[in-house]
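Participant: Next comes work_12.cif, mmCIF, C-alpha atoms:
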```
data_model
loop_
_atom_site.label_atom_id
_atom_site.label_comp_id
_atom_site.auth_asym_id
_atom_site.auth_seq_id
_atom_site.Cartn_x
_atom_site.Cartn_y
_atom_site.Cartn_z
CA MET A 1 13.53 -23.46 -53.63
CA ALA A 2 9.84 -22.58 -53.54
CA TYR A 3 7.89 -22.03 -50.32
CA LEU A 4 4.16 -21.62 -49.82
CA ILE A 5 3.21 -19.87 -46.58
CA LYS A 6 -0.38 -20.92 -45.94
CA GLY A 7 -3.05 -19.01 -44.08
CA ALA A 8 -0.92 -16.45 -42.24
CA HIS A 9 -2.26 -13.11 -41.07
CA VAL A 10 -0.25 -10.82 -43.33
CA VAL A 11 0.47 -7.31 -42.05
CA ASP A 12 2.16 -4.77 -44.29
CA PRO A 13 1.07 -1.14 -43.96
CA GLN A 14 3.07 -0.26 -47.08
CA VAL A 15 0.51 -2.05 -49.26
CA GLY A 16 -2.50 -1.66 -46.97
CA LEU A 17 -2.61 -5.35 -46.14
CA ASP A 18 -3.90 -6.67 -42.80
CA ASP A 19 -5.69 -9.95 -43.53
CA ILE A 20 -5.32 -13.71 -43.99
CA ARG A 21 -3.35 -14.59 -47.12
CA ASP A 22 -1.25 -17.29 -48.77
CA VAL A 23 2.17 -16.16 -49.95
CA LEU A 24 4.19 -18.01 -52.58
CA VAL A 25 7.95 -17.54 -52.73
CA ASP A 26 10.08 -18.89 -55.56
CA GLY A 27 13.79 -18.22 -55.60
CA LYS A 28 14.58 -14.83 -54.08
CA GLU A 29 11.20 -13.22 -54.76
CA ILE A 30 7.57 -13.25 -53.74
CA VAL A 31 5.68 -14.41 -56.81
CA GLU A 32 2.08 -14.34 -55.57
CA VAL A 33 -0.04 -13.11 -52.66
CA ALA A 34 -3.64 -14.31 -52.68
CA GLU A 35 -6.47 -15.63 -50.53
CA SER A 36 -5.73 -19.15 -51.72
CA ILE A 37 -2.75 -20.50 -53.65
CA GLU A 38 -1.98 -24.04 -54.79
CA ALA A 39 1.62 -24.92 -55.69
CA ALA A 40 2.36 -28.62 -55.86
CA ASP A 41 6.15 -28.19 -56.02
CA ALA A 42 6.45 -25.75 -53.12
CA GLU A 43 7.33 -26.66 -49.53
CA VAL A 44 4.44 -25.62 -47.32
CA ILE A 45 5.08 -23.49 -44.23
CA GLU A 46 2.00 -23.51 -42.03
CA GLY A 47 1.01 -19.97 -41.11
CA THR A 48 -2.37 -20.53 -39.43
CA GLY A 49 -2.55 -18.52 -36.22
CA LYS A 50 0.67 -16.69 -37.07
CA TYR A 51 1.54 -13.25 -38.45
CA LEU A 52 3.65 -12.71 -41.55
CA VAL A 53 5.48 -9.38 -41.84
CA PRO A 54 8.29 -7.87 -43.92
CA GLY A 55 11.65 -9.06 -42.60
CA LEU A 56 12.66 -7.33 -39.37
CA VAL A 57 15.59 -4.89 -39.43
CA ASP A 58 17.88 -3.90 -36.55
CA MET A 59 19.88 -0.85 -37.53
CA HIS A 60 22.12 -0.80 -34.45
CA VAL A 61 24.15 -3.90 -33.55
CA HIS A 62 27.71 -4.66 -32.49
CA PHE A 63 29.12 -7.88 -33.93
CA ARG A 64 32.65 -7.17 -32.56
CA ASP A 65 34.30 -8.62 -35.65
CA PRO A 66 37.13 -7.91 -36.43
CA GLY A 67 39.15 -7.48 -33.26
CA PHE A 68 36.91 -8.77 -30.49
CA GLU A 69 35.82 -12.16 -31.80
CA TYR A 70 35.89 -13.62 -28.29
CA LYS A 71 32.66 -11.64 -27.66
CA GLU A 72 30.87 -12.19 -30.98
CA THR A 73 31.63 -12.90 -34.61
CA ILE A 74 29.70 -12.06 -37.73
CA ALA A 75 28.72 -15.73 -37.93
CA THR A 76 27.45 -15.98 -34.32
CA GLY A 77 25.83 -12.54 -34.49
CA SER A 78 24.06 -13.58 -37.67
CA ARG A 79 22.73 -16.70 -35.91
CA ALA A 80 21.43 -14.55 -33.08
CA ALA A 81 19.78 -12.18 -35.56
CA ALA A 82 18.06 -14.97 -37.48
CA HIS A 83 16.94 -16.57 -34.20
CA GLY A 84 15.42 -13.23 -33.20
CA GLY A 85 13.47 -12.95 -36.46
CA PHE A 86 15.68 -10.48 -38.31
CA THR A 87 16.61 -10.48 -41.98
CA ASP A 88 18.78 -7.33 -41.88
CA VAL A 89 21.18 -5.77 -39.39
CA ALA A 90 23.44 -2.72 -39.52
CA THR A 91 26.76 -3.25 -37.77
CA MET A 92 28.48 -0.44 -35.90
CA PRO A 93 32.05 0.56 -36.83
CA ASN A 94 33.75 0.43 -33.39
CA THR A 95 35.71 -2.71 -34.24
CA ASP A 96 39.50 -3.17 -34.30
CA PRO A 97 40.48 -1.85 -36.73
CA VAL A 98 37.70 0.70 -36.86
CA THR A 99 35.51 0.51 -39.96
CA ASP A 100 36.73 3.77 -41.48
CA ASP A 101 37.61 2.89 -45.09
CA GLY A 102 36.25 0.82 -47.97
CA ALA A 103 38.23 -2.32 -47.18
CA GLU A 104 36.77 -2.41 -43.69
CA ILE A 105 33.26 -2.11 -45.15
CA ARG A 106 33.92 -5.09 -47.41
CA TYR A 107 35.04 -7.31 -44.53
CA PRO A 108 31.69 -7.70 -42.68
CA SER A 109 29.80 -7.86 -45.96
CA ASP A 110 31.96 -10.74 -47.19
CA ARG A 111 31.77 -12.59 -43.88
CA ALA A 112 27.99 -12.17 -43.77
CA ARG A 113 27.59 -13.62 -47.25
CA LYS A 114 29.61 -16.64 -46.15
CA ALA A 115 27.41 -17.11 -43.07
CA GLY A 116 24.32 -16.73 -45.28
CA LEU A 117 21.82 -15.98 -42.50
CA VAL A 118 21.10 -12.23 -42.62
CA HIS A 119 21.88 -9.21 -44.75
CA VAL A 120 24.61 -7.28 -42.93
CA ARG A 121 24.60 -3.55 -43.75
CA PRO A 122 27.84 -2.15 -42.28
CA MET A 123 28.00 1.42 -41.03
CA GLY A 124 31.15 3.44 -41.53
CA ALA A 125 32.87 5.66 -38.99
CA LEU A 126 32.56 9.41 -39.28
CA THR A 127 36.16 10.06 -38.22
CA ARG A 128 39.40 8.13 -38.61
CA GLY A 129 39.70 5.62 -35.82
CA GLU A 130 36.62 7.18 -34.21
CA LYS A 131 39.03 9.68 -32.64
CA GLY A 132 37.00 12.72 -33.64
CA GLU A 133 40.02 14.44 -35.22
CA SER A 134 39.88 13.93 -38.99
CA LEU A 135 37.31 12.83 -41.54
CA ALA A 136 37.11 9.12 -42.38
CA GLU A 137 37.05 7.87 -45.99
CA ILE A 138 33.35 8.62 -46.42
CA GLY A 139 33.19 8.48 -50.23
CA ASP A 140 35.24 5.27 -50.39
CA MET A 141 32.90 3.61 -47.90
CA VAL A 142 29.80 4.73 -49.79
CA MET A 143 31.22 3.11 -52.92
CA GLU A 144 31.64 -0.16 -50.97
CA GLY A 145 28.07 -0.08 -49.65
CA ALA A 146 28.18 1.69 -46.28
CA SER A 147 24.59 2.02 -45.07
CA ALA A 148 25.10 5.06 -42.79
CA PHE A 149 27.81 6.76 -40.73
CA SER A 150 28.43 6.94 -37.01
CA ASP A 151 31.15 7.17 -34.38
CA ASP A 152 28.93 5.11 -32.11
CA GLY A 153 30.50 4.46 -28.74
CA HIS A 154 31.89 7.98 -28.79
CA GLY A 155 30.06 11.22 -29.34
CA VAL A 156 32.00 13.42 -31.76
CA GLN A 157 33.13 15.93 -29.14
CA SER A 158 34.10 18.80 -31.45
CA ALA A 159 31.14 20.70 -32.89
CA GLY A 160 33.35 21.86 -35.76
CA MET A 161 34.39 18.31 -36.60
CA MET A 162 30.79 17.10 -36.44
CA LYS A 163 29.71 19.91 -38.77
CA THR A 164 32.42 18.89 -41.25
CA CYS A 165 31.27 15.27 -41.08
CA MET A 166 27.63 16.15 -41.61
CA ALA A 167 28.37 18.53 -44.48
CA TYR A 168 30.36 15.81 -46.23
CA VAL A 169 27.93 12.95 -45.61
CA SER A 170 25.05 15.10 -46.88
CA GLN A 171 26.49 14.79 -50.39
CA PHE A 172 25.91 11.02 -50.51
CA ASP A 173 22.26 10.55 -49.42
CA ARG A 174 23.28 8.85 -46.19
CA VAL A 175 22.25 9.42 -42.59
CA VAL A 176 24.57 10.47 -39.76
CA CYS A 177 23.72 8.35 -36.70
CA ALA A 178 24.75 10.34 -33.63
CA HIS A 179 25.83 8.83 -30.34
CA CYS A 180 25.00 11.84 -28.20
CA GLU A 181 27.28 12.13 -25.19
CA VAL A 182 29.23 15.14 -23.97
CA GLU A 183 32.06 13.29 -22.27
CA SER A 184 33.06 16.22 -20.05
CA LEU A 185 29.59 15.91 -18.50
CA SER A 186 29.22 12.11 -18.42
CA GLY A 187 32.70 11.92 -16.90
CA ASN A 188 33.08 8.90 -14.62
CA GLY A 189 29.35 8.24 -14.52
CA VAL A 190 28.25 4.60 -14.47
CA ILE A 191 24.54 5.02 -13.67
CA ASN A 192 21.89 7.68 -14.23
CA SER A 193 22.25 10.65 -11.90
CA GLY A 194 19.49 10.52 -9.34
CA ARG A 195 18.14 8.59 -6.40
CA ALA A 196 19.44 5.20 -7.55
CA ALA A 197 22.99 6.55 -7.93
CA THR A 198 22.83 8.06 -4.44
CA ARG A 199 21.30 4.92 -2.92
CA LEU A 200 23.92 2.65 -4.45
CA GLY A 201 26.85 5.01 -3.94
CA MET A 202 27.94 5.32 -7.56
CA PHE A 203 28.99 8.19 -9.82
CA GLY A 204 26.01 9.63 -11.67
CA TRP A 205 25.68 10.25 -15.41
CA PRO A 206 23.47 13.31 -15.96
CA PRO A 207 20.82 13.33 -18.70
CA LEU A 208 22.24 16.69 -19.80
CA ALA A 209 25.29 14.86 -21.21
CA GLU A 210 22.96 13.35 -23.82
CA GLU A 211 20.48 16.18 -24.24
CA LEU A 212 23.07 18.89 -24.85
CA GLU A 213 24.59 16.99 -27.75
CA ILE A 214 21.16 16.18 -29.19
CA TRP A 215 20.48 19.94 -29.21
CA ARG A 216 23.89 20.66 -30.78
CA ASP A 217 23.51 18.07 -33.52
CA ILE A 218 20.01 19.26 -34.39
CA GLU A 219 21.46 22.75 -34.85
CA LEU A 220 24.16 21.27 -37.10
CA CYS A 221 21.46 19.43 -39.05
CA ARG A 222 19.75 22.78 -39.59
CA SER A 223 23.04 24.29 -40.75
CA THR A 224 24.17 21.49 -43.09
CA GLY A 225 20.91 19.93 -44.25
CA CYS A 226 22.34 16.49 -43.42
CA ALA A 227 19.87 13.80 -42.32
CA LEU A 228 20.42 13.19 -38.61
CA HIS A 229 19.45 10.10 -36.65
CA ILE A 230 19.73 10.12 -32.85
CA CYS A 231 20.97 6.79 -31.53
CA HIS A 232 19.48 5.02 -28.48
CA ILE A 233 17.56 8.03 -27.14
CA SER A 234 16.98 7.69 -23.40
CA THR A 235 15.47 10.86 -21.93
CA GLU A 236 12.13 12.63 -22.12
CA LYS A 237 13.77 16.00 -22.77
CA GLY A 238 15.90 14.55 -25.55
CA LEU A 239 12.74 13.24 -27.19
CA GLU A 240 11.10 16.66 -26.87
CA LEU A 241 14.05 18.17 -28.76
CA VAL A 242 13.57 15.62 -31.55
CA LYS A 243 9.82 16.30 -31.67
CA ALA A 244 10.46 20.03 -32.05
CA ALA A 245 12.96 19.41 -34.86
CA LYS A 246 10.47 17.20 -36.68
CA ALA A 247 7.74 19.80 -36.28
CA GLU A 248 10.08 22.29 -37.88
CA GLY A 249 10.54 19.98 -40.86
CA LEU A 250 14.18 19.11 -40.22
CA PRO A 251 15.40 15.67 -41.39
CA VAL A 252 15.77 14.35 -37.83
CA THR A 253 14.85 10.84 -36.67
CA CYS A 254 15.56 8.74 -33.60
CA GLU A 255 15.59 5.20 -32.25
CA VAL A 256 14.96 3.53 -28.90
CA THR A 257 16.06 0.22 -27.38
CA PRO A 258 13.84 -2.29 -25.56
CA HIS A 259 15.93 -1.86 -22.42
CA HIS A 260 15.15 1.88 -22.34
CA LEU A 261 11.48 1.14 -23.04
CA PHE A 262 10.98 -1.54 -20.40
CA LEU A 263 13.62 -0.90 -17.71
CA CYS A 264 14.58 2.09 -15.58
CA ASP A 265 17.13 2.91 -12.90
CA GLU A 266 14.73 1.64 -10.21
CA ASP A 267 15.44 -1.87 -11.54
CA ILE A 268 19.07 -1.59 -10.41
CA ASP A 269 19.19 -2.86 -6.84
CA ASP A 270 21.80 -3.84 -4.29
CA THR A 271 22.63 -7.03 -6.19
CA TYR A 272 24.49 -4.75 -8.65
CA ASN A 273 23.43 -6.77 -11.70
CA THR A 274 25.95 -5.50 -14.27
CA ASN A 275 23.77 -6.64 -17.18
CA LEU A 276 21.81 -3.46 -16.37
CA LYS A 277 24.84 -1.23 -16.92
CA MET A 278 24.18 0.59 -20.20
CA ASN A 279 25.44 3.43 -22.36
CA PRO A 280 23.36 5.57 -22.17
CA PRO A 281 22.29 4.41 -18.71
CA LEU A 282 18.80 3.33 -17.70
CA ARG A 283 16.99 6.55 -16.84
CA LYS A 284 14.09 7.53 -14.56
CA ARG A 285 10.70 5.85 -14.74
CA SER A 286 9.23 9.06 -16.20
CA ASP A 287 11.77 8.90 -19.04
CA MET A 288 10.87 5.26 -19.70
CA GLU A 289 7.17 6.12 -19.83
CA ALA A 290 7.81 9.06 -22.19
CA LEU A 291 9.77 6.81 -24.54
CA CYS A 292 6.95 4.25 -24.55
CA ALA A 293 4.53 7.03 -25.48
CA GLY A 294 6.93 8.22 -28.18
CA ILE A 295 7.16 4.86 -29.92
CA LEU A 296 3.36 4.70 -29.99
CA ASP A 297 2.65 8.24 -31.20
CA GLY A 298 5.25 8.21 -34.01
CA SER A 299 7.79 10.51 -32.38
CA ILE A 300 10.33 7.68 -32.26
CA ASP A 301 11.00 6.12 -35.64
CA CYS A 302 12.36 2.67 -34.88
CA VAL A 303 13.24 0.07 -32.29
CA VAL A 304 16.85 -1.13 -32.22
CA THR A 305 18.70 -3.42 -29.83
CA ASP A 306 22.18 -1.86 -29.54
CA HIS A 307 23.16 -5.55 -29.28
CA ALA A 308 26.36 -5.32 -27.23
CA PRO A 309 27.89 -8.73 -26.48
CA HIS A 310 30.55 -9.06 -23.78
CA ALA A 311 32.48 -12.00 -22.37
CA LYS A 312 31.52 -13.32 -18.93
CA HIS A 313 34.59 -11.85 -17.20
CA GLU A 314 33.73 -8.39 -18.55
CA LYS A 315 30.39 -8.42 -16.74
CA ASP A 316 31.08 -10.69 -13.76
CA CYS A 317 32.96 -8.02 -11.81
CA GLU A 318 32.43 -4.81 -9.85
CA TRP A 319 29.87 -2.43 -11.38
CA GLU A 320 32.38 0.41 -11.79
CA ILE A 321 34.69 -1.62 -14.05
CA ALA A 322 32.09 -3.76 -15.83
CA PHE A 323 31.61 -3.09 -19.54
CA PHE A 324 28.54 -1.18 -20.73
CA GLY A 325 25.81 -2.96 -22.69
CA THR A 326 23.40 -5.84 -23.12
CA ILE A 327 22.69 -8.30 -25.90
CA GLY A 328 19.27 -7.87 -27.44
CA LEU A 329 18.71 -9.44 -30.85
CA GLU A 330 16.91 -12.50 -29.52
CA THR A 331 14.63 -10.72 -27.04
CA SER A 332 13.67 -7.55 -28.94
CA LEU A 333 10.64 -8.95 -30.77
CA PRO A 334 9.35 -11.01 -27.80
CA LEU A 335 9.65 -7.94 -25.55
CA MET A 336 7.71 -5.76 -27.99
CA LEU A 337 5.04 -8.43 -28.43
CA THR A 338 4.70 -9.07 -24.70
CA ASN A 339 4.72 -5.46 -23.50
CA MET A 340 3.24 -3.52 -26.42
CA VAL A 341 1.31 -5.60 -28.96
CA GLY A 342 0.03 -8.24 -26.56
CA THR A 343 -1.28 -5.59 -24.17
CA GLY A 344 -3.15 -3.80 -26.94
CA LYS A 345 -1.04 -0.65 -26.71
CA MET A 346 0.55 -1.10 -30.15
CA SER A 347 -0.99 -2.31 -33.39
CA TRP A 348 0.70 -4.89 -35.57
CA SER A 349 0.98 -2.26 -38.30
CA ARG A 350 2.90 0.08 -35.99
CA LEU A 351 5.17 -2.79 -34.96
CA VAL A 352 5.97 -3.42 -38.62
CA GLU A 353 6.71 0.28 -39.15
CA VAL A 354 9.20 0.57 -36.30
CA MET A 355 10.88 -2.83 -36.74
CA ALA A 356 10.90 -3.26 -40.52
CA VAL A 357 9.75 -0.34 -42.67
CA ASN A 358 11.37 2.70 -41.04
CA PRO A 359 14.82 1.24 -40.33
CA ARG A 360 15.05 -0.06 -43.89
CA ALA A 361 14.28 3.43 -45.21
CA LEU A 362 16.82 5.07 -42.88
CA LEU A 363 19.51 2.67 -44.13
CA ARG A 364 18.59 3.59 -47.71
CA CYS A 365 17.68 -0.01 -48.51
CA LYS A 366 15.15 -0.98 -51.15
CA PRO A 367 11.71 -1.42 -49.55
CA VAL A 368 10.54 -4.96 -48.86
CA LYS A 369 6.79 -5.37 -49.34
CA ILE A 370 4.54 -8.38 -49.18
CA GLU A 371 3.56 -8.25 -52.82
CA ALA A 372 4.56 -9.97 -56.04
CA GLY A 373 7.99 -8.93 -57.28
CA SER A 374 9.41 -7.93 -53.90
CA GLN A 375 12.46 -9.64 -52.45
CA ALA A 376 11.41 -12.46 -50.14
CA ASP A 377 12.72 -11.14 -46.82
CA LEU A 378 9.97 -12.31 -44.48
CA THR A 379 9.39 -12.97 -40.78
CA LEU A 380 6.68 -15.35 -39.54
CA ILE A 381 5.63 -14.79 -35.92
CA ASP A 382 3.71 -16.94 -33.45
CA PRO A 383 2.09 -14.44 -31.04
CA LYS A 384 1.23 -17.15 -28.52
CA ARG A 385 4.46 -19.15 -28.30
CA GLU A 386 6.10 -18.64 -24.91
CA ILE A 387 9.81 -18.50 -24.09
CA ASP A 388 11.90 -18.33 -20.95
CA VAL A 389 14.91 -16.06 -21.28
CA THR A 390 17.80 -18.23 -20.14
CA GLU A 391 21.43 -18.41 -21.21
CA ASP A 392 20.61 -21.63 -23.09
CA TYR A 393 18.08 -19.76 -25.23
CA PHE A 394 20.70 -17.56 -26.87
CA GLN A 395 22.52 -18.26 -30.12
CA SER A 396 24.75 -15.26 -29.45
CA LYS A 397 28.29 -16.05 -28.31
CA SER A 398 27.72 -13.83 -25.25
CA LYS A 399 24.93 -14.17 -22.68
CA ASN A 400 24.86 -10.72 -21.03
CA SER A 401 21.13 -10.05 -21.30
CA ALA A 402 19.35 -7.50 -19.14
CA PHE A 403 16.21 -9.66 -19.44
CA LEU A 404 17.50 -12.99 -18.12
CA GLY A 405 14.81 -14.73 -16.11
CA GLN A 406 11.86 -13.14 -17.88
CA HIS A 407 8.97 -15.13 -19.33
CA LEU A 408 7.85 -13.68 -22.67
CA THR A 409 5.02 -14.41 -25.11
CA GLY A 410 5.41 -14.11 -28.88
CA VAL A 411 8.38 -15.07 -30.99
CA ALA A 412 9.56 -15.48 -34.58
CA THR A 413 9.23 -19.06 -35.79
CA ASP A 414 10.38 -18.79 -39.41
CA VAL A 415 12.51 -16.40 -41.45
CA LEU A 416 13.14 -16.20 -45.17
CA MET A 417 16.17 -14.14 -46.22
CA ALA A 418 16.17 -13.51 -49.97
CA GLY A 419 14.04 -16.63 -50.29
CA LYS A 420 16.37 -18.78 -48.19
CA ARG A 421 14.88 -20.28 -45.05
CA THR A 422 17.19 -19.25 -42.21
CA LEU A 423 14.84 -20.03 -39.31
CA ALA A 424 12.53 -23.05 -39.33
CA ASP A 425 10.09 -23.50 -36.45
CA GLY A 426 12.39 -21.56 -34.15
CA VAL A 427 15.59 -23.36 -35.15
CA VAL A 428 18.36 -21.57 -37.04
CA VAL A 429 19.08 -23.30 -40.35
CA ALA A 430 22.86 -23.31 -40.79
#
```
Could the structure of this file be written out as C-alpha cells, please?
Facilitator:
Amino acid sequence: MAYLIKGAHVVDPQVGLDDIRDVLVDGKEIVEVAESIEAADAEVIEGTGKYLVPGLVDMHVHFRDPGFEYKETIATGSRAAAHGGFTDVATMPNTDPVTDDGAEIRYPSDRARKAGLVHVRPMGALTRGEKGESLAEIGDMVMEGASAFSDDGHGVQSAGMMKTCMAYVSQFDRVVCAHCEVESLSGNGVINSGRAATRLGMFGWPPLAEELEIWRDIELCRSTGCALHICHISTEKGLELVKAAKAEGLPVTCEVTPHHLFLCDEDIDDTYNTNLKMNPPLRKRSDMEALCAGILDGSIDCVVTDHAPHAKHEKDCEWEIAFFGTIGLETSLPLMLTNMVGTGKMSWSRLVEVMAVNPRALLRCKPVKIEAGSQADLTLIDPKREIDVTEDYFQSKSKNSAFLGQHLTGVATDVLMAGKRTLADGVVVA
C-alpha cells in the first residue's frame, strides 16, 4: 500500500529537516521526501497544519502478558500504544513467568506480530526470576532479540550481583536499565517522605533509597564499562549524579516519566486518589521542576511512560494496599505537547529527540529517519486537536490514569508502522 502524506511540517533533527514537505511511502519504506510529490496510485493523508515526526518510541512499558492478562495483554497494550502515537515499545520482563530466557523473549515478539500494531522490543531480566540471586540467560536472550536488560520492579539489591550482571551484559552491546531502589531504605514507604506523608499519615519513602543505588550503579558502570540507563528518575539529586557521570564521559543515560514531570506529592490530597501512587513516588515540587529543566537542557535522555496497567479492584482500595503505577501510553504525547511544546519551553526537535531518536538508539534499534530508504515508522500529530482524559478515551484494558479529568491539547492522528497504517484520524486500525 502506498501513502502520500501531503503538506505536513516535517521535523527530524537527524537529517536537519524542519519544514513543510510531502512524504511518499510505498510498502515498508519512505521512497521520497520533497516539497511537492504527485502519486496517482497513493492514498493521500492530509498533513496540512500537522507535524510529521519519526515514529515515537516508549522504552519502558508493562504489558502484563503472560501471567496478568486481566490487566493488559500484548494486543490491548499495542492498541493503546498505537492510539498514543507510538510505533515502538520496549516491554519490561516482570511477567509470570519472568522474561529471563530466549523462549520468553520470543513470546511477546510473536504476539506483537500477530497484533500487527507496534514493534514490541522485549527486555530481558538481569537475574533469574528477578530474584537478584543468579544471572539470567543473557546470551540466549540476545540471540532472540532482547533489546536491553533490567530487573525493573526490583532494584538488584546485591552490589556484587549487579556487577556480575553488568560485566556480562557489556559483552553484547546492550544497556542495563536500572530500577534504583534500596529496599531496606524504601521499606514500607507508600509516598514520598516529607510534608505530604506527614499530613496524610502514611509511611514515607525517602529519596535516598533511589539516590544511593544510582550512585552505586554509576560506580559499577565505571568499573565494568557497561552502558547504564537509570529508569524513571525522580529526584533532583539523582539527576545531579547522572549529570556528573555524563560530564566524566561515562556511558550513563536516564529517563523520566510524564507523571514525574507534571505531578508532585502536593497533588496527593485527602481524597487519597490511588492513581497517584507510584514507584518511585511523586516527589517534591523542587524535584519536579529540576526534572523539567533536565529534559530541556539535555541531561535527561528520553521520556517514557512506565505504563503500568492495573485492574479496578487493585486501585479502588485503601492507599496502603493499592498497587503502584499509572497507565500512560495514551497521554504521554498530549502531556508533552500541552505542558512543554505548546508553552514554548520545548522545541519540536527536542521533542523528537527524547520521544523517538534517543530511545531508539538506547534500544540498539536501527535509526528511523524521514528520508528516502528509511523504514516508514511515522507519527503524524495535530498540535491543536483537544482531548478530555476520560476512561472512555483509553484503548488500554486498564483505566488507572493519574491524569483523568485533564483537558489536553495536541495528539497523534495517524501512525504508520513499517508502512502499515495503524492509526487513522485518531482511530486504531485493527
Participant: For a quick check of understanding, using all atoms listed in the file, which of A:Leu212, A:Leu250, A:Val256, A:Cys302 has the smallest distance to Thr224 of chain A?
Facilitator: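 Distance minimum relative to Thr224 of chain A lands on A:Leu250.
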Participant: Exactly which residues make up the result of the PyMOL selection byres ((chain A and resi 22) around 12) on this file, given as a PyMOL selection string?
Facilitator: chain A and resi 3-10+19-21+23-25+30-39+44-48+50-52+370-372
Participant: Using the chain letters and numbers from the file, which residues does the PyMOL selection byres ((chain A and resi 57) around 12) grab, as JSON, numbers by chain?
Facilitator: {"A": [53, 54, 55, 56, 58, 59, 60, 61, 81, 82, 84, 85, 86, 87, 88, 89, 90, 91, 118, 119, 120, 121, 302, 303, 304, 305, 329, 332, 333, 351, 352, 353, 354, 355, 356, 357, 358, 359, 360, 361, 362, 363, 365, 367, 368, 377, 378, 379, 417]}
Participant: Only C-alpha atoms, please: the residues just picked out, written as a PDB file, in the frame of the given file.
Facilitator:
```pdb
ATOM      1  CA  VAL A  53       5.480  -9.380 -41.840  1.00  0.00           C
ATOM      2  CA  PRO A  54       8.290  -7.870 -43.920  1.00  0.00           C
ATOM      3  CA  GLY A  55      11.650  -9.060 -42.600  1.00  0.00           C
ATOM      4  CA  LEU A  56      12.660  -7.330 -39.370  1.00  0.00           C
ATOM      5  CA  ASP A  58      17.880  -3.900 -36.550  1.00  0.00           C
ATOM      6  CA  MET A  59      19.880  -0.850 -37.530  1.00  0.00           C
ATOM      7  CA  HIS A  60      22.120  -0.800 -34.450  1.00  0.00           C
ATOM      8  CA  VAL A  61      24.150  -3.900 -33.550  1.00  0.00           C
ATOM      9  CA  ALA A  81      19.780 -12.180 -35.560  1.00  0.00           C
ATOM     10  CA  ALA A  82      18.060 -14.970 -37.480  1.00  0.00           C
ATOM     11  CA  GLY A  84      15.420 -13.230 -33.200  1.00  0.00           C
ATOM     12  CA  GLY A  85      13.470 -12.950 -36.460  1.00  0.00           C
ATOM     13  CA  PHE A  86      15.680 -10.480 -38.310  1.00  0.00           C
ATOM     14  CA  THR A  87      16.610 -10.480 -41.980  1.00  0.00           C
ATOM     15  CA  ASP A  88      18.780  -7.330 -41.880  1.00  0.00           C
ATOM     16  CA  VAL A  89      21.180  -5.770 -39.390  1.00  0.00           C
ATOM     17  CA  ALA A  90      23.440  -2.720 -39.520  1.00  0.00           C
ATOM     18  CA  THR A  91      26.760  -3.250 -37.770  1.00  0.00           C
ATOM     19  CA  VAL A 118      21.100 -12.230 -42.620  1.00  0.00           C
ATOM     20  CA  HIS A 119      21.880  -9.210 -44.750  1.00  0.00           C
ATOM     21  CA  VAL A 120      24.610  -7.280 -42.930  1.00  0.00           C
ATOM     22  CA  ARG A 121      24.600  -3.550 -43.750  1.00  0.00           C
ATOM     23  CA  CYS A 302      12.360   2.670 -34.880  1.00  0.00           C
ATOM     24  CA  VAL A 303      13.240   0.070 -32.290  1.00  0.00           C
ATOM     25  CA  VAL A 304      16.850  -1.130 -32.220  1.00  0.00           C
ATOM     26  CA  THR A 305      18.700  -3.420 -29.830  1.00  0.00           C
ATOM     27  CA  LEU A 329      18.710  -9.440 -30.850  1.00  0.00           C
ATOM     28  CA  SER A 332      13.670  -7.550 -28.940  1.00  0.00           C
ATOM     29  CA  LEU A 333      10.640  -8.950 -30.770  1.00  0.00           C
ATOM     30  CA  LEU A 351       5.170  -2.790 -34.960  1.00  0.00           C
ATOM     31  CA  VAL A 352       5.970  -3.420 -38.620  1.00  0.00           C
ATOM     32  CA  GLU A 353       6.710   0.280 -39.150  1.00  0.00           C
ATOM     33  CA  VAL A 354       9.200   0.570 -36.300  1.00  0.00           C
ATOM     34  CA  MET A 355      10.880  -2.830 -36.740  1.00  0.00           C
ATOM     35  CA  ALA A 356      10.900  -3.260 -40.520  1.00  0.00           C
ATOM     36  CA  VAL A 357       9.750  -0.340 -42.670  1.00  0.00           C
ATOM     37  CA  ASN A 358      11.370   2.700 -41.040  1.00  0.00           C
ATOM     38  CA  PRO A 359      14.820   1.240 -40.330  1.00  0.00           C
ATOM     39  CA  ARG A 360      15.050  -0.060 -43.890  1.00  0.00           C
ATOM     40  CA  ALA A 361      14.280   3.430 -45.210  1.00  0.00           C
ATOM     41  CA  LEU A 362      16.820   5.070 -42.880  1.00  0.00           C
ATOM     42  CA  LEU A 363      19.510   2.670 -44.130  1.00  0.00           C
ATOM     43  CA  CYS A 365      17.680  -0.010 -48.510  1.00  0.00           C
ATOM     44  CA  PRO A 367      11.710  -1.420 -49.550  1.00  0.00           C
ATOM     45  CA  VAL A 368      10.540  -4.960 -48.860  1.00  0.00           C
ATOM     46  CA  ASP A 377      12.720 -11.140 -46.820  1.00  0.00           C
ATOM     47  CA  LEU A 378       9.970 -12.310 -44.480  1.00  0.00           C
ATOM     48  CA  THR A 379       9.390 -12.970 -40.780  1.00  0.00           C
ATOM     49  CA  MET A 417      16.170 -14.140 -46.220  1.00  0.00           C
TER      50      MET A 417
END
```
Participant: Please compute the atom CA of Asn275 of chain A-atom CA of Thr257 of chain A distance, one decimal, in Å.
Facilitator: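 Atom-to-atom, atom CA of Asn275 of chain A to atom CA of Thr257 of chain A, that is 14.5 Å.
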Participant: Using all atoms listed in the file, can you list as a PyMOL selection string the residues within 8 Å of (17.4, -9.7, -17.4)?
Facilitator: chain A and resi 275-276+389+401-406
Participant: Give the answer as one residue: which of A:Asp267, A:Glu183, A:Glu289, A:Asp301 has the shortest atom-to-atom distance to Cys254 of chain A, using all atoms listed in the file?
Facilitator: A:Asp301
Participant: What is the atom CA of Ser147 of chain A-atom CA of Pro13 of chain A distance in Å, reported with one decimal?
Facilitator: 23.8 Å
Participant: Report as a PyMOL selection string the residues that result from applying the PyMOL selection byres ((chain A and resi 297) around 12) to the structure here.
Facilitator: chain A and resi 239+243+290-296+298-302+345-347+350-351+353-354
Participant: Could you tell me which of A:Gly410, A:Ser396, A:Cys317, A:Asp65 comes closest to Gly342 of chain A if we count all atoms listed in the file?
Facilitator: A:Gly410
Participant: Of the candidates A:Trp319, A:Phe172, A:Phe149, A:Tyr393, which shows the shortest atom-to-atom distance to Thr271 of chain A, using all atoms listed in the file?
Facilitator: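 Closest residue, counting all atoms listed in the file: A:Trp319.
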